[in-house]
Structure formats: C-alpha cells, structure tokens
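Undergrad: structure-v6.cif (mmCIF, C-alpha atoms) pasted underneath:
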data_run
#
loop_
_atom_site.label_atom_id
_atom_site.label_comp_id
_atom_site.auth_asym_id
_atom_site.auth_seq_id
_atom_site.Cartn_x
_atom_site.Cartn_y
_atom_site.Cartn_z
CA MET A 576 0.00 0.00 0.00
CA PRO A 577 2.80 2.54 0.68
CA LEU A 578 3.97 2.14 -2.95
CA VAL A 579 0.41 2.83 -4.14
CA LEU A 580 0.29 6.06 -2.12
CA VAL A 581 3.73 7.17 -3.34
CA TRP A 582 2.81 6.55 -6.98
CA PHE A 583 -0.56 8.26 -6.55
CA ALA A 584 1.24 11.31 -5.14
CA LEU A 585 3.58 11.34 -8.12
CA LEU A 586 0.66 11.25 -10.55
CA CYS A 587 -0.95 14.15 -8.69
CA LEU A 588 2.15 16.34 -8.55
CA VAL A 589 4.36 15.56 -11.54
CA PRO A 590 3.44 17.48 -14.72
CA ASP A 591 1.25 15.46 -17.06
CA PRO A 592 3.08 14.49 -20.31
CA ARG A 593 1.22 16.84 -22.64
CA PRO A 594 1.97 16.94 -26.37
CA LEU A 595 4.24 20.01 -26.27
CA GLY A 596 6.16 18.60 -23.34
CA ALA A 597 6.72 15.06 -24.56
CA PRO A 598 10.46 14.30 -24.73
CA ASP A 599 11.97 14.55 -28.21
CA ALA A 600 13.54 11.09 -27.90
CA ALA A 601 10.17 9.49 -27.11
CA VAL A 602 8.47 11.35 -29.96
CA SER A 603 11.20 10.26 -32.35
CA VAL A 604 10.79 6.59 -31.36
CA VAL A 605 7.01 6.73 -31.77
CA GLY A 606 7.37 8.49 -35.12
CA LYS A 607 9.73 5.84 -36.45
CA LEU A 608 7.55 2.98 -35.23
CA THR A 609 4.26 4.41 -36.51
CA GLY A 610 5.26 6.59 -39.45
CA LEU A 611 3.13 9.43 -38.03
CA SER A 612 3.91 13.11 -38.53
CA GLU A 613 5.79 15.00 -35.84
CA ALA A 614 2.60 16.58 -34.45
CA SER A 615 0.72 13.26 -34.46
CA SER A 616 3.69 11.49 -32.89
CA ARG A 617 3.71 14.00 -30.05
CA ALA A 618 0.02 13.46 -29.37
CA ALA A 619 0.42 9.67 -29.53
CA THR A 620 3.43 9.83 -27.21
CA ALA A 621 1.55 11.90 -24.66
CA ILE A 622 -1.38 9.46 -24.65
CA ALA A 623 0.91 6.44 -24.41
CA LEU A 624 2.86 7.89 -21.50
CA ARG A 625 -0.35 8.80 -19.70
CA VAL A 626 -1.66 5.26 -20.12
CA ILE A 627 1.62 3.84 -18.80
CA SER A 628 1.62 6.08 -15.72
CA ILE A 629 -1.96 5.18 -14.76
CA ALA A 630 -1.48 1.49 -15.62
CA MET A 631 1.39 1.49 -13.13
CA LEU A 632 -1.04 2.71 -10.47
CA GLY A 633 -3.44 -0.17 -11.24
CA PHE A 634 -0.52 -2.61 -11.25
CA LEU A 635 0.59 -1.52 -7.77
CA VAL A 636 -2.97 -1.69 -6.41
CA ALA A 637 -3.24 -5.27 -7.71
CA LEU A 638 0.06 -6.18 -6.07
CA ALA A 639 -1.09 -4.68 -2.77
CA ALA A 640 -4.09 -7.04 -2.83
CA SER A 641 -2.18 -10.08 -4.15
CA ARG A 642 -2.06 -11.99 -0.86
CA ARG A 643 -5.77 -12.73 -1.14
CA PRO A 644 -7.34 -15.27 -3.51
CA LEU A 645 -7.49 -14.15 -7.13
CA TRP A 646 -11.19 -13.33 -7.17
CA GLN A 647 -10.93 -11.32 -3.95
CA SER A 648 -7.90 -9.45 -5.27
CA ALA A 649 -9.84 -8.50 -8.41
CA LEU A 650 -12.87 -7.37 -6.41
CA ILE A 651 -10.64 -5.14 -4.29
CA ALA A 652 -8.22 -3.83 -6.91
CA LEU A 653 -10.64 -2.80 -9.67
CA PRO A 654 -12.93 -0.61 -7.51
CA VAL A 655 -9.90 0.99 -5.82
CA ALA A 656 -7.66 1.61 -8.85
CA SER A 657 -10.25 3.31 -11.07
CA PRO A 658 -11.29 6.08 -8.64
CA LEU A 659 -7.65 6.68 -7.73
CA ALA A 660 -6.81 7.08 -11.43
CA VAL A 661 -9.57 9.64 -11.96
CA ALA A 662 -8.67 11.46 -8.74
CA SER A 663 -5.02 11.74 -9.82
CA LEU A 664 -6.07 13.44 -13.07
CA TRP A 665 -8.46 15.71 -11.19
CA ILE A 666 -5.74 16.88 -8.80
CA ASN A 667 -3.04 17.11 -11.46
CA HIS A 668 -5.14 19.04 -14.00
CA GLY A 669 -6.88 21.26 -11.48
CA TYR A 670 -10.35 20.44 -12.81
CA PHE A 671 -12.60 17.39 -13.00
CA PRO A 672 -11.60 15.32 -16.06
CA ILE A 673 -13.77 15.37 -19.16
CA PRO A 674 -15.50 12.08 -20.17
CA SER A 675 -12.78 11.00 -22.61
CA GLN A 676 -10.10 11.51 -19.96
CA ILE A 677 -12.14 9.52 -17.42
CA LYS A 678 -12.56 6.64 -19.87
CA LEU A 679 -8.84 6.62 -20.66
CA ALA A 680 -7.94 6.69 -16.96
CA ILE A 681 -10.28 3.84 -16.05
CA ALA A 682 -9.19 1.71 -19.03
CA SER A 683 -5.53 2.27 -18.15
CA ALA A 684 -6.12 1.39 -14.50
CA VAL A 685 -7.94 -1.80 -15.50
CA ILE A 686 -5.06 -2.79 -17.79
CA GLY A 687 -2.63 -2.28 -14.91
CA VAL A 688 -4.78 -4.31 -12.53
CA ALA A 689 -5.09 -7.12 -15.07
CA ALA A 690 -1.31 -7.20 -15.52
CA GLY A 691 -0.76 -7.28 -11.77
CA LEU A 692 -3.22 -10.14 -11.29
CA ALA A 693 -1.77 -12.10 -14.21
CA LEU A 694 1.78 -11.86 -12.85
CA ARG A 695 0.93 -12.31 -9.17
CA LYS A 696 2.79 -15.65 -8.95
CA SER A 697 5.99 -14.50 -10.67
CA LEU A 698 8.15 -12.18 -8.57
CA VAL A 699 10.69 -11.68 -11.39
CA ALA A 700 7.98 -10.74 -13.87
CA ARG A 701 6.35 -8.33 -11.44
CA ILE A 702 9.62 -6.57 -10.65
CA SER A 703 10.60 -6.41 -14.32
CA LEU A 704 7.28 -4.90 -15.40
CA ALA A 705 7.32 -2.42 -12.52
CA VAL A 706 10.84 -1.27 -13.45
CA ILE A 707 9.88 -0.92 -17.13
CA LEU A 708 6.68 1.05 -16.42
CA CYS A 709 8.40 3.26 -13.86
CA GLY A 710 11.29 3.92 -16.23
CA LEU A 711 8.98 4.85 -19.10
CA PHE A 712 7.01 7.18 -16.84
CA LEU A 713 10.12 8.97 -15.62
CA TRP A 714 11.37 9.17 -19.20
CA GLY A 715 8.07 10.76 -20.19
CA ILE A 716 7.98 13.52 -17.58
CA PRO A 717 7.76 16.77 -19.57
CA HIS A 718 11.13 18.32 -20.21
CA GLY A 719 9.80 21.44 -21.88
CA ILE A 720 9.08 22.27 -25.48
CA SER A 721 10.84 20.50 -28.32
CA ASN A 722 14.16 21.72 -29.68
CA ASP A 723 12.52 22.66 -32.98
CA LEU A 724 9.84 24.76 -31.27
CA ASP A 725 12.43 26.39 -29.01
CA ARG A 726 14.53 27.31 -32.04
CA SER A 727 11.49 28.68 -33.90
CA ALA A 728 10.36 30.72 -30.87
CA ARG A 729 13.83 32.21 -30.43
CA ILE A 730 14.06 33.20 -34.09
CA THR A 731 10.59 34.75 -33.98
CA GLY A 732 11.44 36.64 -30.81
CA GLN A 733 14.64 37.98 -32.34
CA HIS A 734 12.65 39.16 -35.35
CA VAL A 735 10.25 41.11 -33.11
CA LEU A 736 13.02 42.61 -30.96
CA ALA A 737 14.95 43.70 -34.07
CA HIS A 738 12.11 46.18 -34.70
CA VAL A 739 11.76 47.42 -31.11
CA ASP A 740 12.57 51.03 -32.01
CA GLU A 741 10.00 51.03 -34.82
CA ILE A 742 7.13 49.64 -32.74
CA PRO A 743 4.74 52.46 -31.70
CA ALA A 744 3.70 53.06 -28.13
CA GLY A 745 0.33 52.20 -26.66
CA ASP A 746 -2.33 49.91 -28.10
CA ASP A 747 -0.88 50.28 -31.59
CA GLY A 748 2.31 48.73 -30.26
CA PHE A 749 0.40 45.65 -29.07
CA ALA A 750 -1.14 45.14 -32.51
CA GLU A 751 2.20 45.74 -34.24
CA CYS A 752 4.00 43.15 -32.08
CA VAL A 753 1.37 40.55 -32.97
CA ALA A 754 1.59 41.48 -36.64
CA LEU A 755 5.39 41.22 -36.66
CA ALA A 756 5.38 37.81 -34.99
CA PHE A 757 2.54 36.27 -37.01
CA ARG A 758 3.55 37.68 -40.38
CA PHE A 759 6.92 36.11 -39.72
CA ALA A 760 5.11 32.88 -38.79
CA ALA A 761 3.03 33.00 -42.00
CA LYS A 762 6.16 33.55 -44.07
CA ASN A 763 7.69 30.42 -42.60
CA SER A 764 4.51 28.30 -42.76
CA ASP A 765 5.15 27.41 -46.40
CA ALA A 766 7.91 25.09 -45.27
CA ALA A 767 6.52 24.20 -41.84
CA ASP A 768 3.32 23.35 -40.03
CA PRO A 769 1.35 26.62 -39.47
CA VAL A 770 0.37 25.39 -36.00
CA HIS A 771 4.06 25.03 -35.15
CA THR A 772 4.94 28.53 -36.35
CA ASN A 773 1.97 30.04 -34.50
CA GLN A 774 3.04 28.23 -31.33
CA ALA A 775 6.49 29.75 -31.77
CA ALA A 776 5.00 33.24 -32.20
CA ILE A 777 2.86 32.89 -29.05
CA LEU A 778 5.73 31.61 -26.91
CA ALA A 779 8.03 34.35 -28.22
CA LEU A 780 5.50 37.05 -27.32
CA GLY A 781 4.78 35.25 -24.05
CA VAL A 782 8.39 35.81 -23.01
CA ILE A 783 8.75 39.30 -24.51
CA LEU A 784 5.43 40.89 -23.52
CA GLY A 785 4.36 38.43 -20.82
CA ASP A 786 6.90 37.16 -18.35
CA GLU A 787 10.38 35.61 -18.43
CA HIS A 788 9.01 32.71 -16.40
CA VAL A 789 7.30 31.47 -19.56
CA ALA A 790 10.76 30.34 -20.70
CA THR A 791 11.27 28.62 -17.35
CA LEU A 792 7.96 26.76 -17.67
CA ALA A 793 9.02 25.65 -21.14
CA ARG A 794 12.26 24.31 -19.57
CA ARG A 795 14.33 26.74 -21.63
CA SER A 796 16.81 29.50 -20.78
CA LEU A 797 16.49 33.15 -21.75
CA ASP A 798 19.27 35.00 -23.53
CA ASP A 799 20.36 37.75 -21.10
CA SER A 800 21.39 40.01 -23.98
CA HIS A 801 17.72 40.63 -24.80
CA HIS A 802 16.68 41.97 -21.39
CA GLY A 803 17.18 45.62 -22.37
CA ALA A 804 15.10 45.38 -25.53
CA ILE A 805 12.37 43.42 -23.74
CA SER A 806 12.19 45.98 -20.95
CA ARG A 807 11.90 48.88 -23.42
CA LEU A 808 9.18 47.14 -25.35
CA ARG A 809 7.13 46.32 -22.25
CA GLN A 810 7.25 49.97 -21.19
CA LYS A 811 5.88 51.03 -24.58
CA VAL A 812 3.22 48.44 -25.33
CA LYS A 813 -0.26 48.84 -23.82
CA LEU A 814 -3.62 47.11 -24.13
CA HIS A 815 -6.63 49.38 -23.64
CA GLY A 816 -4.13 51.95 -22.40
CA ARG A 817 -2.79 49.72 -19.63
CA GLY A 818 0.63 48.15 -19.27
CA ASP A 819 -0.48 45.18 -17.15
CA LEU A 820 -3.01 43.72 -19.59
CA PRO A 821 -0.50 42.64 -22.29
CA ARG A 822 1.20 40.55 -19.61
CA HIS A 823 -2.06 38.91 -18.61
CA PHE A 824 -2.91 38.21 -22.26
CA TRP A 825 0.41 36.66 -23.29
CA VAL A 826 1.10 34.68 -20.11
CA SER A 827 -2.36 33.10 -20.42
CA ALA A 828 -1.83 32.41 -24.13
CA SER A 829 1.52 30.74 -23.38
CA LEU A 830 0.12 28.67 -20.52
CA THR A 831 -2.57 27.42 -22.89
CA LEU A 832 0.18 25.88 -25.02
CA LEU A 833 2.31 24.63 -22.15
CA ALA A 834 -0.65 23.24 -20.20
CA ASP A 835 -4.21 23.71 -21.39
CA GLY A 836 -6.88 26.36 -21.61
CA ASN A 837 -8.74 25.46 -18.42
CA ARG A 838 -5.57 25.26 -16.35
CA SER A 839 -4.58 28.68 -17.71
CA THR A 840 -7.99 29.98 -16.65
CA SER A 841 -7.55 28.42 -13.21
CA VAL A 842 -4.19 30.14 -12.78
CA GLY A 843 -5.70 33.49 -13.74
CA VAL A 844 -8.64 33.16 -11.37
CA THR A 845 -6.43 31.92 -8.54
CA LYS A 846 -4.18 34.95 -8.90
CA GLU A 847 -7.17 37.28 -8.73
CA LEU A 848 -8.40 35.53 -5.59
CA MET A 849 -4.98 35.96 -4.03
CA ASP A 850 -4.95 39.64 -5.03
CA SER A 851 -8.27 40.13 -3.21
CA ASN A 852 -6.62 39.29 0.11
CA PRO A 853 -5.31 42.09 2.35
CA GLY A 854 -2.22 43.66 0.78
CA GLY A 855 -3.15 42.56 -2.74
CA SER A 856 -4.29 44.71 -5.63
CA GLY A 857 -7.83 43.33 -5.42
CA PHE A 858 -9.90 40.93 -7.51
CA SER A 859 -10.15 42.25 -11.06
CA PHE A 860 -12.69 41.28 -13.71
CA VAL A 861 -10.62 43.39 -16.10
CA ASP A 862 -7.64 41.10 -15.63
CA LEU A 863 -9.89 38.08 -16.23
CA VAL A 864 -10.93 39.54 -19.59
CA ALA A 865 -7.31 39.77 -20.71
CA ASP A 866 -6.55 36.32 -19.30
CA ARG A 867 -9.40 34.68 -21.17
CA ALA A 868 -8.75 36.62 -24.37
CA GLY A 869 -5.21 35.22 -24.35
CA VAL A 870 -6.50 31.68 -23.86
CA LEU A 871 -9.02 31.97 -26.71
CA PHE A 872 -6.42 33.55 -29.00
CA ALA A 873 -3.98 30.69 -28.41
CA MET A 874 -6.71 28.13 -29.02
CA ALA A 875 -7.72 29.78 -32.31
CA ALA A 876 -4.08 30.06 -33.38
CA THR A 877 -3.20 26.42 -32.75
CA ARG A 878 -6.42 24.40 -33.01
CA ASP A 879 -5.48 22.89 -36.39
CA ALA A 880 -3.73 23.84 -39.63
CA THR A 881 -6.84 25.48 -41.12
CA SER A 882 -7.51 27.60 -38.04
CA ALA A 883 -3.81 28.53 -37.79
CA THR A 884 -3.63 29.63 -41.43
CA THR A 885 -6.92 31.55 -41.21
CA LEU A 886 -5.67 33.50 -38.21
CA GLN A 887 -2.41 34.33 -39.97
CA GLN A 888 -4.37 35.71 -42.91
CA THR A 889 -6.68 37.71 -40.64
CA ILE A 890 -3.72 39.31 -38.87
CA ARG A 891 -2.03 39.99 -42.21
CA ASP A 892 -5.13 41.90 -43.37
CA GLY A 893 -4.72 44.31 -40.46
CA LEU A 894 -6.10 44.35 -36.93
CA ASP A 895 -6.02 46.68 -33.95
CA ALA A 896 -5.70 45.86 -30.26
CA ALA A 897 -9.49 45.78 -29.73
CA ASP A 898 -9.70 42.83 -32.13
CA TYR A 899 -7.66 40.77 -29.67
CA CYS A 900 -9.18 41.88 -26.36
CA PRO A 901 -12.66 43.39 -25.85
CA PRO A 902 -13.40 46.69 -24.08
CA ILE A 903 -12.93 46.76 -20.32
CA GLU A 904 -15.08 49.76 -19.46
CA GLY A 905 -17.48 49.26 -16.56
CA LEU A 906 -15.90 46.03 -15.28
CA PRO A 907 -15.16 46.09 -11.53
CA GLU A 908 -11.64 45.69 -10.20
CA GLY A 909 -9.70 46.33 -7.01
CA ILE A 910 -12.25 44.24 -5.09
CA SER A 911 -11.26 43.16 -1.58
CA ARG A 912 -11.85 39.66 -0.26
CA ASP A 913 -14.70 40.74 2.02
CA GLU A 914 -16.34 42.83 -0.70
CA PHE A 915 -16.07 40.00 -3.22
CA GLN A 916 -17.96 37.72 -0.84
CA SER A 917 -20.51 40.19 0.52
CA VAL A 918 -21.28 42.14 -2.65
CA TYR A 919 -20.60 39.64 -5.45
CA GLY A 920 -21.29 36.36 -3.64
CA GLY A 921 -17.86 34.93 -4.49
CA LEU A 922 -17.22 33.02 -7.70
CA GLY A 923 -20.67 31.42 -7.63
CA GLY A 924 -22.69 34.51 -6.74
CA GLU A 925 -25.35 35.94 -9.02
CA PRO A 926 -23.58 39.32 -9.43
CA THR A 927 -20.44 37.47 -10.49
CA LYS A 928 -22.44 35.39 -12.97
CA ARG A 929 -23.95 38.53 -14.51
CA ILE A 930 -20.52 40.07 -14.97
CA VAL A 931 -19.20 36.81 -16.42
CA ASP A 932 -22.08 36.78 -18.92
CA GLU A 933 -21.19 40.33 -19.93
CA ILE A 934 -17.53 39.38 -20.35
CA THR A 935 -18.57 36.42 -22.52
CA LYS A 936 -20.62 38.70 -24.79
CA ARG A 937 -17.69 41.07 -25.18
CA LEU A 938 -15.28 38.26 -25.98
CA ARG A 939 -17.62 36.95 -28.68
CA GLN A 940 -17.58 40.36 -30.35
CA CYS A 941 -13.80 40.28 -30.84
CA ARG A 942 -12.91 39.56 -34.45
CA VAL A 943 -10.04 37.20 -33.65
CA LEU A 944 -11.78 35.35 -30.83
CA ALA A 945 -15.19 34.75 -32.44
CA ALA A 946 -14.16 32.03 -34.91
CA ASP A 947 -16.69 29.56 -33.50
CA PRO A 948 -19.77 31.39 -32.12
CA GLN A 949 -21.22 28.12 -30.82
CA ALA A 950 -18.17 27.10 -28.80
CA PRO A 951 -18.54 27.63 -25.03
CA ILE A 952 -16.38 30.29 -23.42
CA GLU A 953 -15.35 29.40 -19.88
CA ILE A 954 -14.42 32.49 -17.90
CA LEU A 955 -14.11 30.61 -14.61
CA PRO A 956 -12.47 27.17 -14.31
CA LYS A 957 -14.77 24.17 -14.62
CA MET A 958 -14.40 22.92 -11.08
CA GLN A 959 -15.50 26.25 -9.66
CA SER A 960 -19.19 26.25 -10.47
CA GLY A 961 -20.67 27.03 -7.06
CA PRO A 962 -20.06 29.55 -4.29
CA ILE A 963 -16.47 29.38 -3.18
CA ALA A 964 -15.04 31.15 -0.19
CA ILE A 965 -11.69 32.85 -0.36
CA GLU A 966 -9.46 31.61 2.36
#
So, in terms of structure tokens, how does the structure I just supplied come out?

TA:
Amino acid sequence: MPLVLVWFALLCLVPDPRPLGAPDAAVSVVGKLTGLSEASSRAATAIALRVISIAMLGFLVALAASRRPLWQSALIALPVASPLAVASLWINHGYFPIPSQIKLAIASAVIGVAAGLALRKSLVARISLAVILCGLFLWGIPHGISNDLDRSARITGQHVLAHVDEIPAGDDGFAECVALAFRFAAKNSDAADPVHTNQAAILALGVILGDEHVATLARRSLDDSHHGAISRLRQKVKLHGRGDLPRHFWVSASLTLLADGNRSTSVGVTKELMDSNPGGSGFSFVDLVADRAGVLFAMAATRDATSATTLQQTIRDGLDAADYCPPIEGLPEGISRDEFQSVYGGLGGEPTKRIVDEITKRLRQCRVLAADPQAPIEILPKMQSGPIAIE
C-alpha cells in the first residue's frame, strides 16, 4: 500500500506528459515505429505515457491485494484503482476530467490491474514490469518544449526585438507586435506546419510581452542580452491603455500551449483571488478579460492547420488591439476579499455570474476570438461552479 500512495502522489504532482512537453527522444521513437507526422507522434506519445503512468497505479494496487485469492484481489483492486486514477487526473489538472479523460484513466487502470493479477505468482515478472513502467514514466515527464519549437520561438522573438525602435507606443504597439510575430510565422509556414509557427509566435510574445518565467515553464533558458530590448518594449506596449493587460494576455496564451486552456484559466482566477486578500491589488474582472482573451487567442491560433492559417491571414489583413481583447469599461476591479464575498457572492454569486455573462458577450464580439460562435467560453475554471469562499 505505501507504494500505491507514493505513486498516486507522483501522478498528482508531476506534470502530465502533454503533447508540447513530450520528450523529443520518445516522440522520435514513436514516429519511427508508426510513421506518423511530428505533431501526431507528439500526441500519440503523450497518450501512451499517460496510459503507462496510470497502468502502473493499477498494477501496484493489484500487487497490494495479491495476498488474497485471485477473485478477492480482483474485487478489491478494480474498484480501488479506477477512482484513484480519476482522482489523480483531477488533482493534477486542477479540474474534474472530461468524459474521454475519465474513460482513458479507467481503461488504463484496469489494464494495470489485469497485468498485476496475471503476474501475481511471478516475482521476477512483477519486478521487471514495474521497473519498465516506472522507467517509461520517468522518461516521459515533460522536459519542456521540443528543440525545434524552441529554435522557432527564439528566431521569432529575435525578429520582433529587431524592430523594437519602430514599434509604436500604446495599443498600436500591441497590434504591431502581434503582426510582426505572425507575419513572420506565416512567411515560414510554407515550409513548416502553421500550427508550429503560431506556437512559436505565441511563446516568443509570451516571453517578450508576458513574463520571463514562460521560458522557465518551457524548460528553456532566456538569452540575457535581450533583457534591455524586452524591458523597453514592455514599457511602450499597452492594451486598452494599460501596461499590465498585455502581460495577462500573453502569459495566459503561453500557458494554454504549455498546459491547457482550463488550467490557464484556473491560474488566472487563482491569482485574482490571491490579489483580493489584504495587501493585494484586489480581484479584477478586467484582468480576467485579458486572461481569457489570451486563452481563446492561443486556441484559435493552434487548433489545427486550417484555423492557424486563417488566423495568420486575418492578422495579415490588419487588426487593432481591440480585435484581440474586448473593451474593459465598466468592469469592476480592485475588489477586496470581504467585498467579493458580501457584494458579489464569491465566484458562484449571481452578481459574479452577470458580470461573467457580460464578459462572454464582449469576448464573442472580438474579431479574432469569435471564430466559433457556438463554442462555449469558460471564464471561470470548470471545477469552480458554485459559491467558493476565499481563504
């Protein structure tokens, strides 16, 4: 049982092997074995590593119950392993898994239990399989973005910074930075996947206009020689006349690539809740607008090749800052913890819901973000659907 608890903790805490974070070596092996493209190989690698990690949990649960007769071991292991698998995803992702993730987790746990029950009488086989599964899991822990994407992001960033003195101040500077990065991406999409080049543009702007920690999250270093140019550009560029909103937009967009859209939303909301505590800047619905606009932009830019190319063309035709992030007028901010609870009812309060509905309407009116009018827009993370107190 101690091994089960240790492995469960690892699954909860260690970053999930998402497509952008899958190790290059693993992707290369999968690509050679399957003949899939680089993008498909990454997705397949991420799924395979996830199955392996959860199967290991089922395997250990089966071993923990192996001293009982076979039928009793099965009756114990299957009901225990499946909920643990789902719970590990819930804790790791920060939201309750969607149906496809639940099915994958349960199927993987069952496979692990079956393997453990089948090998219960062979100590050598059990140890060998445990070592193999553990080794593959550790090998698959995300090590950051691929070398190709890192190289593309660096080149795109250098292209933007080379024009730092030509970029205008204010909102026009925001639009010009996007245009520089994505025109460069479109120019290179003839010889590369447009999704890849758009990912590079987003990560480059995430570091330049967002935060240097984006590079850290991607497991990459930042060239110190660019600090001066980055600092000058951040002082110039605004979004709706504010210098903080470009950072919210591009950090959220980058997190969407490095994690996923809902986790990026969770991070944004969590920060606002922290800011509402004494000494913070206060809960801000304005910041949430910029956060969610960045998430939706990244999703539109990287959903598939068609969406990526369409966005490149739209940007090439000419856009202003309001096309990327809707107006912020009239949205409350600087809200204290007590006020957020008493006046707005917390995250699940009716006043909050009305403001969220208004934010959703504004986001749908943005030219870049309204590609799919039927797609749901989640302003608050999925697991936070009811009243939540701020501790």

Undergrad: Name the residues that the PyMOL selection byres ((chain A and resi 801-814) around 8) pulls out of this structure, and write them as a ChimeraX atom specification.

TA: /A:736,739,743-749,783-784,798-800,815-821,896,900

Undergrad: Suppose you want the space between CA of Ser603 (chain A) and CA of Ala705 (chain A); what is it in Å?

TA: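 We find that CA of Ser603 (chain A) and CA of Ala705 (chain A) lie 23.9 Å from each other.
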
Undergrad: Applied to this file, what does the PyMOL selection byres ((chain A and resi 893) around 12) return in terms of residues, put as a compact mmCIF listing (two decimals) with C-alpha atoms, keeping the file's coordinate frame?

TA:
# COMPACT_ATOMS: atom_id res chain seq x y z
CA ASP A 747 -0.88 50.28 -31.59
CA ALA A 750 -1.14 45.14 -32.51
CA GLU A 751 2.20 45.74 -34.24
CA VAL A 753 1.37 40.55 -32.97
CA ALA A 754 1.59 41.48 -36.64
CA LEU A 755 5.39 41.22 -36.66
CA PHE A 757 2.54 36.27 -37.01
CA ARG A 758 3.55 37.68 -40.38
CA LEU A 886 -5.67 33.50 -38.21
CA GLN A 887 -2.41 34.33 -39.97
CA GLN A 888 -4.37 35.71 -42.91
CA THR A 889 -6.68 37.71 -40.64
CA ILE A 890 -3.72 39.31 -38.87
CA ARG A 891 -2.03 39.99 -42.21
CA ASP A 892 -5.13 41.90 -43.37
CA LEU A 894 -6.10 44.35 -36.93
CA ASP A 895 -6.02 46.68 -33.95
CA ALA A 896 -5.70 45.86 -30.26
CA ALA A 897 -9.49 45.78 -29.73
CA ASP A 898 -9.70 42.83 -32.13
CA TYR A 899 -7.66 40.77 -29.67
CA ARG A 942 -12.91 39.56 -34.45
CA VAL A 943 -10.04 37.20 -33.65

Undergrad: Using the file's own x, y and z axes, what box holds all listed atoms of region 809-814 of chain A with 5 Å on each side, keeping edges along x, y and z, and what are its centre and edge lengths in Å to one decimal, as JSON?

TA:
{"center_x": 1.8, "center_y": 48.7, "center_z": -23.3, "size_x": 20.9, "size_y": 14.7, "size_z": 14.1}

Undergrad: Using the chain letters and numbers from the file, which residues does the PyMOL selection byres ((chain A and resi 627-639) around 8) grab, as a count of residues only?

TA: 38

Undergrad: For Thr881 (chain A), which residue among A:Val918, A:Val789, A:Val770, A:Ala828 is the nearest when counting all atoms listed in the file?

TA: A:Val770

Undergrad: Hey, can you check how far CA of Arg701 (chain A) sits from CA of Leu585 (chain A)?

TA: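 Calculated distance between CA of Arg701 (chain A) and CA of Leu585 (chain A) is 20.1 Å.
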
Undergrad: In Å, how far is it from CA of Gln733 (chain A) to CA of Ala761 (chain A)?

TA: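 CA of Gln733 (chain A) sits 15.9 Å away from CA of Ala761 (chain A).
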
Undergrad: Need to verify the contact set: region 873-877 of chain A, 7 Å, all atoms listed in the file, exclusion of same-chain residues closer than 3 positions in sequence. Can you return it as a ChimeraX atom specification?

TA: /A:770,773-774,828,831,869-870,882-883,886

Undergrad: Excluding Asp725 (chain A) and any residue of its chain fewer than 5 positions from it, enumerate the residues within 9 Å of it, using only C-alpha atoms, and give them as a list in words.

TA: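 The filter keeps Ile720, Ile730, Ala775, Leu778, Ala793 and Arg795 of chain A.
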
Undergrad: So that I have them on file, write out the residues from the current selection with C-alpha atoms, as an mmCIF file, in the frame of the given file.

TA:
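What follows is the written file out-v5.cif:
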data_model
loop_
_atom_site.group_PDB
_atom_site.id
_atom_site.type_symbol
_atom_site.label_atom_id
_atom_site.label_comp_id
_atom_site.auth_asym_id
_atom_site.auth_seq_id
_atom_site.Cartn_x
_atom_site.Cartn_y
_atom_site.Cartn_z
ATOM 1 C CA ILE A 720 9.080 22.270 -25.480
ATOM 2 C CA ILE A 730 14.060 33.200 -34.090
ATOM 3 C CA ALA A 775 6.490 29.750 -31.770
ATOM 4 C CA LEU A 778 5.730 31.610 -26.910
ATOM 5 C CA ALA A 793 9.020 25.650 -21.140
ATOM 6 C CA ARG A 795 14.330 26.740 -21.630
#
